[in-house]
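For reference, data-v1.cif (mmCIF, C-alpha atoms):
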data_protein
loop_
_atom_site.group_PDB
_atom_site.id
_atom_site.type_symbol
_atom_site.label_atom_id
_atom_site.label_comp_id
_atom_site.auth_asym_id
_atom_site.auth_seq_id
_atom_site.Cartn_x
_atom_site.Cartn_y
_atom_site.Cartn_z
ATOM 1 C CA MET A 640 3.767 -11.130 -5.140
ATOM 2 C CA GLN A 641 2.654 -14.698 -5.063
ATOM 3 C CA SER A 642 5.440 -16.279 -3.058
ATOM 4 C CA LEU A 643 8.714 -15.542 -1.371
ATOM 5 C CA ARG A 644 10.544 -16.931 -4.373
ATOM 6 C CA THR A 645 9.418 -14.406 -6.931
ATOM 7 C CA SER A 646 11.788 -12.765 -9.359
ATOM 8 C CA PRO A 647 14.659 -10.574 -8.150
ATOM 9 C CA SER A 648 12.691 -7.502 -9.182
ATOM 10 C CA LEU A 649 10.424 -7.948 -6.162
ATOM 11 C CA SER A 650 9.763 -4.555 -4.643
ATOM 12 C CA LEU A 651 9.643 -4.053 -0.910
ATOM 13 C CA THR A 652 9.905 -0.530 0.441
ATOM 14 C CA PHE A 653 10.531 0.039 4.113
ATOM 15 C CA SER A 654 11.790 2.972 6.164
ATOM 16 C CA PRO A 655 10.879 6.103 8.057
ATOM 17 C CA CYS A 656 9.409 9.160 6.400
ATOM 18 C CA LYS A 657 11.850 10.823 4.040
ATOM 19 C CA HIS A 658 12.067 14.566 4.485
ATOM 20 C CA GLY A 659 13.573 17.238 2.285
ATOM 21 C CA LYS A 660 12.516 15.941 -1.135
ATOM 22 C CA PRO A 661 9.656 17.929 -2.646
ATOM 23 C CA SER A 662 7.146 15.786 -4.523
ATOM 24 C CA SER A 663 4.921 17.049 -7.302
ATOM 25 C CA GLY A 664 2.638 14.044 -7.201
ATOM 26 C CA PHE A 665 0.755 14.493 -3.923
ATOM 27 C CA LYS A 666 -1.392 17.391 -2.858
ATOM 28 C CA PRO A 667 -2.386 18.531 0.657
ATOM 29 C CA TYR A 668 -5.619 17.518 2.368
ATOM 30 C CA ARG A 669 -8.742 18.688 0.574
ATOM 31 C CA GLN A 670 -11.957 17.359 -0.913
ATOM 32 C CA CYS A 671 -11.477 14.804 -3.685
ATOM 33 C CA PRO A 672 -12.945 15.729 -7.092
ATOM 34 C CA PRO A 673 -15.623 13.454 -8.550
ATOM 35 C CA TYR A 674 -14.230 10.279 -10.069
ATOM 36 C CA LYS A 675 -14.424 9.916 -13.859
ATOM 37 C CA PRO A 676 -14.406 6.255 -14.991
ATOM 38 C CA ARG A 677 -11.489 5.258 -17.171
ATOM 39 C CA SER A 678 -11.089 2.282 -19.444
ATOM 40 C CA SER A 679 -7.389 1.781 -18.765
ATOM 41 C CA ILE A 680 -4.647 2.512 -16.245
ATOM 42 C CA LYS A 681 -2.237 5.343 -16.901
ATOM 43 C CA MET A 682 1.067 3.517 -16.796
ATOM 44 C CA SER A 683 3.418 6.483 -16.769
ATOM 45 C CA SER A 684 3.252 9.896 -15.168
ATOM 46 C CA THR A 685 5.568 12.684 -14.138
ATOM 47 C CA THR A 686 2.898 14.727 -12.373
ATOM 48 C CA GLN A 687 0.872 12.037 -10.587
ATOM 49 C CA GLY A 688 2.281 10.180 -7.621
ATOM 50 C CA VAL A 689 2.550 6.414 -7.322
ATOM 51 C CA GLU A 690 1.594 4.616 -4.109
ATOM 52 C CA HIS A 691 3.441 1.440 -3.153
ATOM 53 C CA ILE A 692 2.178 -0.739 -0.302
ATOM 54 C CA VAL A 693 3.830 -3.955 0.891
ATOM 55 C CA LEU A 694 2.348 -6.182 3.573
ATOM 56 C CA PHE A 695 4.439 -8.970 5.042
ATOM 57 C CA ARG A 696 4.241 -11.542 7.772
ATOM 58 C CA ALA A 697 7.232 -12.457 9.846
ATOM 59 C CA LYS A 698 7.466 -16.133 10.725
ATOM 60 C CA ASP A 699 6.084 -17.060 14.137
ATOM 61 C CA ASN A 700 9.504 -18.274 15.223
ATOM 62 C CA ALA A 701 11.448 -15.317 13.830
ATOM 63 C CA GLU A 702 13.821 -13.892 16.405
ATOM 64 C CA PRO A 703 12.863 -10.320 17.400
ATOM 65 C CA SER A 704 16.443 -9.200 16.834
ATOM 66 C CA LYS A 705 16.273 -10.420 13.226
ATOM 67 C CA VAL A 706 12.928 -8.688 12.652
ATOM 68 C CA ASN A 707 14.400 -5.448 13.988
ATOM 69 C CA ALA A 708 17.492 -5.918 11.846
ATOM 70 C CA MET A 709 15.291 -6.413 8.778
ATOM 71 C CA VAL A 710 13.390 -3.204 9.424
ATOM 72 C CA ASN A 711 16.584 -1.244 10.058
ATOM 73 C CA GLU A 712 18.202 -2.583 6.903
ATOM 74 C CA LEU A 713 15.190 -1.674 4.814
ATOM 75 C CA ARG A 714 15.028 1.766 6.375
ATOM 76 C CA SER A 715 18.458 2.475 4.997
ATOM 77 C CA LEU A 716 16.941 2.323 1.492
ATOM 78 C CA VAL A 717 15.467 5.765 2.083
ATOM 79 C CA THR A 718 18.663 7.171 0.573
ATOM 80 C CA ILE A 719 17.718 5.895 -2.881
ATOM 81 C CA ASP A 720 17.080 9.003 -4.962
ATOM 82 C CA GLN A 721 13.703 8.021 -6.381
ATOM 83 C CA VAL A 722 12.033 7.498 -2.998
ATOM 84 C CA ARG A 723 9.816 10.438 -2.034
ATOM 85 C CA HIS A 724 8.308 9.004 1.147
ATOM 86 C CA LEU A 725 8.927 5.733 2.939
ATOM 87 C CA THR A 726 7.738 4.340 6.257
ATOM 88 C CA VAL A 727 7.763 0.838 7.741
ATOM 89 C CA GLY A 728 6.810 -0.785 11.018
ATOM 90 C CA PRO A 729 4.535 -3.231 12.794
ATOM 91 C CA ILE A 730 0.869 -3.232 11.852
ATOM 92 C CA LEU A 731 -1.486 -1.840 14.465
ATOM 93 C CA ARG A 732 -4.198 -4.368 13.602
ATOM 94 C CA ASN A 733 -5.719 -6.522 10.880
ATOM 95 C CA ILE A 734 -9.429 -5.713 10.439
ATOM 96 C CA ALA A 735 -12.251 -8.083 9.479
ATOM 97 C CA THR A 736 -14.901 -6.163 7.525
ATOM 98 C CA THR A 737 -18.607 -6.976 7.306
ATOM 99 C CA THR A 738 -18.889 -6.243 3.582
ATOM 100 C CA ALA A 739 -17.020 -9.303 2.275
ATOM 101 C CA PRO A 740 -15.424 -12.481 3.595
ATOM 102 C CA PRO A 741 -12.101 -11.606 5.230
ATOM 103 C CA SER A 742 -8.931 -12.699 3.515
ATOM 104 C CA GLU A 743 -7.062 -15.647 4.970
ATOM 105 C CA HIS A 744 -3.929 -13.495 4.908
ATOM 106 C CA ARG A 745 -2.793 -11.885 8.152
ATOM 107 C CA PHE A 746 0.257 -9.629 8.278
ATOM 108 C CA THR A 747 2.651 -8.320 10.893
ATOM 109 C CA HIS A 748 4.301 -5.342 9.166
ATOM 110 C CA LEU A 749 3.485 -2.708 6.569
ATOM 111 C CA LEU A 750 5.540 -0.665 4.173
ATOM 112 C CA HIS A 751 4.243 2.484 2.495
ATOM 113 C CA SER A 752 6.334 4.413 -0.005
ATOM 114 C CA ARG A 753 5.709 6.970 -2.741
ATOM 115 C CA TYR A 754 7.277 7.900 -6.061
ATOM 116 C CA ASP A 755 6.798 10.663 -8.594
ATOM 117 C CA SER A 756 6.316 8.187 -11.442
ATOM 118 C CA ILE A 757 6.124 4.511 -12.291
ATOM 119 C CA GLU A 758 9.601 4.824 -13.796
ATOM 120 C CA ASP A 759 10.915 5.963 -10.424
ATOM 121 C CA LEU A 760 9.287 2.985 -8.702
ATOM 122 C CA GLU A 761 10.864 0.661 -11.249
ATOM 123 C CA ALA A 762 14.282 2.254 -10.679
ATOM 124 C CA TYR A 763 13.919 1.716 -6.946
ATOM 125 C CA THR A 764 12.825 -1.887 -7.488
ATOM 126 C CA ALA A 765 15.921 -2.669 -9.550
ATOM 127 C CA HIS A 766 18.368 -0.826 -7.294
ATOM 128 C CA PRO A 767 21.136 -3.167 -6.022
ATOM 129 C CA SER A 768 20.718 -2.016 -2.425
ATOM 130 C CA HIS A 769 17.026 -2.844 -2.518
ATOM 131 C CA LEU A 770 17.574 -6.266 -4.051
ATOM 132 C CA SER A 771 20.231 -7.094 -1.480
ATOM 133 C CA ALA A 772 18.068 -6.020 1.453
ATOM 134 C CA VAL A 773 15.150 -8.147 0.278
ATOM 135 C CA ARG A 774 17.225 -11.267 -0.357
ATOM 136 C CA GLU A 775 19.328 -11.069 2.776
ATOM 137 C CA SER A 776 16.991 -9.554 5.354
ATOM 138 C CA VAL A 777 13.391 -10.188 4.298
ATOM 139 C CA PHE A 778 13.162 -13.610 2.672
ATOM 140 C CA PRO A 779 14.880 -15.522 5.492
ATOM 141 C CA ILE A 780 12.352 -14.477 8.159
ATOM 142 C CA CYS A 781 9.056 -13.905 6.284
ATOM 143 C CA ASP A 782 6.516 -16.485 5.150
ATOM 144 C CA ASP A 783 3.983 -14.245 3.402
ATOM 145 C CA LEU A 784 4.290 -11.065 1.338
ATOM 146 C CA MET A 785 1.880 -9.035 -0.761
ATOM 147 C CA ALA A 786 2.370 -5.797 -2.667
ATOM 148 C CA VAL A 787 0.073 -3.433 -4.543
ATOM 149 C CA ASP A 788 0.988 -0.315 -6.543
ATOM 150 C CA TRP A 789 -1.286 2.302 -8.066
ATOM 151 C CA VAL A 790 -1.205 5.737 -9.662
ATOM 152 C CA ALA A 791 -2.670 8.073 -7.061
ATOM 153 C CA GLY A 792 -3.782 10.770 -9.479
ATOM 154 C CA ASP A 793 -5.274 13.801 -7.762
ATOM 155 C CA ALA A 794 -4.904 12.287 -4.275
ATOM 156 C CA ALA A 795 -6.044 14.448 -1.373
ATOM 157 C CA LEU A 796 -3.300 13.298 0.976
ATOM 158 C CA PRO A 797 -0.311 14.923 2.673
ATOM 159 C CA PRO A 798 2.913 14.280 0.692
ATOM 160 C CA HIS A 799 4.655 13.081 3.842
ATOM 161 C CA PRO A 800 2.288 11.699 6.529
ATOM 162 C CA PRO A 801 3.816 12.905 9.819
ATOM 163 C CA LEU A 802 4.994 10.707 12.659
ATOM 164 C CA GLY A 803 2.077 9.512 14.758
ATOM 165 C CA SER A 804 -0.478 9.806 11.979
ATOM 166 C CA ALA A 805 -2.553 6.700 11.285
ATOM 167 C CA ILE A 806 -3.016 4.864 7.992
ATOM 168 C CA ARG A 807 -5.754 2.501 6.867
ATOM 169 C CA VAL A 808 -5.055 0.364 3.809
ATOM 170 C CA ARG A 809 -7.717 -1.656 2.011
ATOM 171 C CA PHE A 810 -7.070 -4.225 -0.727
ATOM 172 C CA LEU A 811 -10.119 -5.442 -2.669
ATOM 173 C CA LYS A 812 -10.445 -8.672 -4.634
ATOM 174 C CA LEU A 813 -13.381 -8.573 -7.054
ATOM 175 C CA LYS A 814 -15.479 -11.585 -7.959
ATOM 176 C CA ASP A 815 -14.349 -13.538 -11.008
ATOM 177 C CA ASN A 816 -17.198 -12.352 -13.201
ATOM 178 C CA ALA A 817 -16.528 -8.660 -12.508
ATOM 179 C CA GLY A 818 -15.882 -6.720 -15.706
ATOM 180 C CA GLY A 819 -14.565 -3.272 -16.485
ATOM 181 C CA GLU A 820 -17.832 -1.541 -15.602
ATOM 182 C CA VAL A 821 -17.820 -3.121 -12.152
ATOM 183 C CA LYS A 822 -14.222 -2.078 -11.606
ATOM 184 C CA ASP A 823 -15.068 1.497 -12.582
ATOM 185 C CA GLU A 824 -18.037 1.452 -10.210
ATOM 186 C CA VAL A 825 -15.887 0.318 -7.282
ATOM 187 C CA LEU A 826 -13.182 2.851 -8.070
ATOM 188 C CA GLY A 827 -15.803 5.562 -8.376
ATOM 189 C CA VAL A 828 -17.111 4.825 -4.881
ATOM 190 C CA LEU A 829 -13.624 4.831 -3.359
ATOM 191 C CA ARG A 830 -12.550 8.010 -5.121
ATOM 192 C CA GLY A 831 -15.668 9.760 -3.899
ATOM 193 C CA ILE A 832 -14.434 9.450 -0.310
ATOM 194 C CA SER A 833 -12.537 12.458 1.048
ATOM 195 C CA ASN A 834 -8.849 12.204 1.933
ATOM 196 C CA HIS A 835 -8.313 8.858 0.210
ATOM 197 C CA SER A 836 -5.856 7.681 -2.381
ATOM 198 C CA SER A 837 -7.201 4.790 -4.424
ATOM 199 C CA GLY A 838 -6.604 3.104 -7.743
ATOM 200 C CA GLU A 839 -6.290 -0.014 -9.821
ATOM 201 C CA ASN A 840 -3.298 -2.192 -9.069
ATOM 202 C CA ILE A 841 -0.539 -1.961 -11.694
ATOM 203 C CA SER A 842 1.524 -4.891 -10.286
ATOM 204 C CA PRO A 843 -0.862 -7.875 -10.397
ATOM 205 C CA ALA A 844 1.847 -10.544 -10.188
ATOM 206 C CA ARG A 845 2.528 -9.675 -6.555
ATOM 207 C CA ALA A 846 -0.996 -8.962 -5.318
ATOM 208 C CA LYS A 847 -2.590 -12.406 -4.890
ATOM 209 C CA GLY A 848 -5.581 -11.415 -7.009
ATOM 210 C CA PHE A 849 -6.351 -8.116 -5.237
ATOM 211 C CA SER A 850 -6.905 -5.587 -8.005
ATOM 212 C CA ILE A 851 -8.013 -2.387 -6.247
ATOM 213 C CA ALA A 852 -6.481 -0.581 -3.285
ATOM 214 C CA SER A 853 -7.142 2.470 -1.174
ATOM 215 C CA LEU A 854 -5.196 4.341 1.470
ATOM 216 C CA ALA A 855 -6.512 6.852 4.001
ATOM 217 C CA VAL A 856 -4.384 8.999 6.314
ATOM 218 C CA PHE A 857 -5.717 10.265 9.664
ATOM 219 C CA PRO A 858 -4.135 12.721 12.122
ATOM 220 C CA GLY A 859 -3.942 9.972 14.766
ATOM 221 C CA GLN A 860 -5.434 6.763 16.127
ATOM 222 C CA ARG A 861 -8.477 8.486 17.624
ATOM 223 C CA GLU A 862 -9.502 9.876 14.254
ATOM 224 C CA LEU A 863 -8.802 6.516 12.604
ATOM 225 C CA GLU A 864 -11.016 4.681 15.071
ATOM 226 C CA GLY A 865 -13.823 7.180 14.458
ATOM 227 C CA VAL A 866 -14.221 6.090 10.828
ATOM 228 C CA ASP A 867 -15.884 2.791 9.914
ATOM 229 C CA PRO A 868 -13.445 0.478 8.064
ATOM 230 C CA ASN A 869 -16.415 -0.501 5.861
ATOM 231 C CA GLU A 870 -16.730 3.092 4.618
ATOM 232 C CA GLY A 871 -17.954 3.051 1.028
ATOM 233 C CA LEU A 872 -17.717 -0.731 0.677
ATOM 234 C CA VAL A 873 -21.368 -1.383 1.525
ATOM 235 C CA LYS A 874 -22.332 0.181 -1.815
ATOM 236 C CA VAL A 875 -20.281 -2.358 -3.762
ATOM 237 C CA LYS A 876 -20.337 -5.405 -1.466
ATOM 238 C CA GLU A 877 -22.070 -7.540 -4.102
ATOM 239 C CA HIS A 878 -18.936 -7.289 -6.268
ATOM 240 C CA LEU A 879 -16.382 -8.190 -3.583
ATOM 241 C CA GLU A 880 -14.879 -11.640 -3.131
ATOM 242 C CA SER A 881 -12.443 -10.719 -0.360
ATOM 243 C CA VAL A 882 -11.053 -7.690 1.463
ATOM 244 C CA VAL A 883 -7.799 -7.063 3.334
ATOM 245 C CA VAL A 884 -7.823 -4.150 5.783
ATOM 246 C CA VAL A 885 -4.813 -3.201 7.887
ATOM 247 C CA GLU A 886 -4.083 -0.207 10.091
ATOM 248 C CA TYR A 887 -0.711 1.281 10.869
ATOM 249 C CA VAL A 888 0.771 4.190 12.792
ATOM 250 C CA VAL A 889 3.520 6.123 10.975
ATOM 251 C CA GLN A 890 6.883 5.720 12.707
#

Now, as a test, write the supplied structure out as structure tokens.
Amino acid sequence: MQSLRTSPSLSLTFSPCKHGKPSSGFKPYRQCPPYKPRSSIKMSSTTQGVEHIVLFRAKDNAEPSKVNAMVNELRSLVTIDQVRHLTVGPILRNIATTTAPPSEHRFTHLLHSRYDSIEDLEAYTAHPSHLSAVRESVFPICDDLMAVDWVAGDAALPPHPPLGSAIRVRFLKLKDNAGGEVKDEVLGVLRGISNHSSGENISPARAKGFSIASLAVFPGQRELEGVDPNEGLVKVKEHLESVVVVEYVVQ
């Protein structure tokens, strides 16, 4: 997502956790299996879940009532059949890491949603209600947006993070000379961390050059604050050009 005037297929997912829809793509907390490097992304899956993260920044002069209206409008999209989990709200904090120069991007809100397959994410993206909400409620009051999607695979995360749980999202931009072996190395480090979902971005047009993402879910803020936001990144810092880290409490 390179600007607010991208194509109508722009995907923004916002809303509270959706209950009552079983999902085959996400497994409960447990230890992640060792990561096996892959040469390509799996672009379709009916058994692996797809993570979708959108970060956006409301304009400094945006009226609070319009920001609230935007969030409420986007929350109504939870009724779209393909959505398995969806939460949106203000970001707890933007984090500057010590492993790479911080990104110049700073965001005010986060969306996290999940789908059983890439086809389901695409169906959500093209849904008329979604397109209308983005055009009418998001674009008028936001001046920066970024989205990253990835196939979660065997993610050791709860299918529906409960209210009050805390989320840490990390977007990584690799240096220009980084090849496939470097990407596999970085993914291997991230996937070796317990209770993380991580993967290679499958929607590069909307990600501002950030090609790898990870998401960790904690029981609450205390547990979140007990884990270093640089976890794992020190091992691959030589390959990183920039890092975005945001934290969010599920609402």

Pick out the closest residue to Ile734 of chain A from this set: A:Asp823, A:Asp755, A:Glu886, A:Glu690. Count all atoms listed in the file.
A:Glu886

For Arg732 of chain A, which residue out of A:Leu716, A:Met709, A:Val689, A:Ala805 is the nearest one, using all atoms listed in the file?
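Nearest to Arg732 of chain A: A:Ala805.
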
Could you tell me which residues the PyMOL selection byres ((chain A and resi 806) around 8) grabs in this file, written as a list in words?
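Output from the PyMOL selection byres ((chain A and resi 806) around 8), applied to this file: Ser804, Ala805, Arg807, Val808, Leu854, Ala855, Val856, Phe857, Leu863, Glu886, Tyr887, Val888 and Val889 of chain A.
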
May I have the residues within 10 Å of segment 873-883 of chain A as a PyMOL selection string, using all atoms listed in the file and disregarding those fewer than 2 positions away in the same chain?
chain A and resi 733-746+808-818+821-822+824-826+828-829+848-849+851-852+869-871+885

Limited to C-alpha atoms, could you put the picked residues into a file as a PDB file, in the frame of the given file?
ATOM      1  CA  ASN A 733      -5.719  -6.522  10.880  1.00  0.00           C
ATOM      2  CA  ILE A 734      -9.429  -5.713  10.439  1.00  0.00           C
ATOM      3  CA  ALA A 735     -12.251  -8.083   9.479  1.00  0.00           C
ATOM      4  CA  THR A 736     -14.901  -6.163   7.525  1.00  0.00           C
ATOM      5  CA  THR A 737     -18.607  -6.976   7.306  1.00  0.00           C
ATOM      6  CA  THR A 738     -18.889  -6.243   3.582  1.00  0.00           C
ATOM      7  CA  ALA A 739     -17.020  -9.303   2.275  1.00  0.00           C
ATOM      8  CA  PRO A 740     -15.424 -12.481   3.595  1.00  0.00           C
ATOM      9  CA  PRO A 741     -12.101 -11.606   5.230  1.00  0.00           C
ATOM     10  CA  SER A 742      -8.931 -12.699   3.515  1.00  0.00           C
ATOM     11  CA  GLU A 743      -7.062 -15.647   4.970  1.00  0.00           C
ATOM     12  CA  HIS A 744      -3.929 -13.495   4.908  1.00  0.00           C
ATOM     13  CA  ARG A 745      -2.793 -11.885   8.152  1.00  0.00           C
ATOM     14  CA  PHE A 746       0.257  -9.629   8.278  1.00  0.00           C
ATOM     15  CA  VAL A 808      -5.055   0.364   3.809  1.00  0.00           C
ATOM     16  CA  ARG A 809      -7.717  -1.656   2.011  1.00  0.00           C
ATOM     17  CA  PHE A 810      -7.070  -4.225  -0.727  1.00  0.00           C
ATOM     18  CA  LEU A 811     -10.119  -5.442  -2.669  1.00  0.00           C
ATOM     19  CA  LYS A 812     -10.445  -8.672  -4.634  1.00  0.00           C
ATOM     20  CA  LEU A 813     -13.381  -8.573  -7.054  1.00  0.00           C
ATOM     21  CA  LYS A 814     -15.479 -11.585  -7.959  1.00  0.00           C
ATOM     22  CA  ASP A 815     -14.349 -13.538 -11.008  1.00  0.00           C
ATOM     23  CA  ASN A 816     -17.198 -12.352 -13.201  1.00  0.00           C
ATOM     24  CA  ALA A 817     -16.528  -8.660 -12.508  1.00  0.00           C
ATOM     25  CA  GLY A 818     -15.882  -6.720 -15.706  1.00  0.00           C
ATOM     26  CA  VAL A 821     -17.820  -3.121 -12.152  1.00  0.00           C
ATOM     27  CA  LYS A 822     -14.222  -2.078 -11.606  1.00  0.00           C
ATOM     28  CA  GLU A 824     -18.037   1.452 -10.210  1.00  0.00           C
ATOM     29  CA  VAL A 825     -15.887   0.318  -7.282  1.00  0.00           C
ATOM     30  CA  LEU A 826     -13.182   2.851  -8.070  1.00  0.00           C
ATOM     31  CA  VAL A 828     -17.111   4.825  -4.881  1.00  0.00           C
ATOM     32  CA  LEU A 829     -13.624   4.831  -3.359  1.00  0.00           C
ATOM     33  CA  GLY A 848      -5.581 -11.415  -7.009  1.00  0.00           C
ATOM     34  CA  PHE A 849      -6.351  -8.116  -5.237  1.00  0.00           C
ATOM     35  CA  ILE A 851      -8.013  -2.387  -6.247  1.00  0.00           C
ATOM     36  CA  ALA A 852      -6.481  -0.581  -3.285  1.00  0.00           C
ATOM     37  CA  ASN A 869     -16.415  -0.501   5.861  1.00  0.00           C
ATOM     38  CA  GLU A 870     -16.730   3.092   4.618  1.00  0.00           C
ATOM     39  CA  GLY A 871     -17.954   3.051   1.028  1.00  0.00           C
ATOM     40  CA  VAL A 885      -4.813  -3.201   7.887  1.00  0.00           C
TER      41      VAL A 885
END

Rounded to one decimal in Å, what is the spacing between atom CA of Ser836 of chain A and atom CA of Gly688 of chain A?
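We find that atom CA of Ser836 of chain A and atom CA of Gly688 of chain A lie 10.0 Å from each other.
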
Check the smallest atom-to-atom distance from each of A:Leu713, A:Ile841, A:Ala708, A:Met785 to Ser768 of chain A using all atoms listed in the file, then report the winner.
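Using all atoms listed in the file, Ser768 of chain A sits closest to A:Leu713.
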
What's around Ala762 of chain A at 12 Å? Count all atoms listed in the file, leave out sequence neighbours fewer than 2 positions away in its own chain, and write the answer as a ChimeraX atom specification.
/A:648-650,719-722,754-760,764-770

Shortest interatomic distance to Leu796 of chain A - which of A:Asn707, A:Pro858, A:Asp783, A:Pro843, counting only C-alpha atoms:
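With only C-alpha atoms as the atom set, the closest residue is A:Pro858.
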
Residues near segment 697-701 of chain A, anyone? I mean within 8 Å using all atoms listed in the file, not counting same-chain ones fewer than 3 positions away, as a ChimeraX atom specification.
/A:705-706,746-748,780-783

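Of note, atom CA of Ala786 of chain A and atom CA of Arg753 of chain A are spaced 13.2 Å apart.
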
In Å to one decimal, how far is atom CA of Gln860 of chain A from atom CA of Asp788 of chain A?
24.6 Å

Pick out the closest residue to Pro797 of chain A from this set: A:Arg696, A:His691, A:Arg845, A:His724. Count all atoms listed in the file.
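Counting all atoms listed in the file, the residue closest to Pro797 of chain A is A:His724.
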
Counting all atoms listed in the file, the option among A:Phe778, A:Tyr763, A:Phe695, A:Trp789 closest to Asn840 of chain A
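Checking each of A:Phe778, A:Tyr763, A:Phe695, A:Trp789 against Asn840 of chain A, counting all atoms listed in the file, the winner is A:Trp789.
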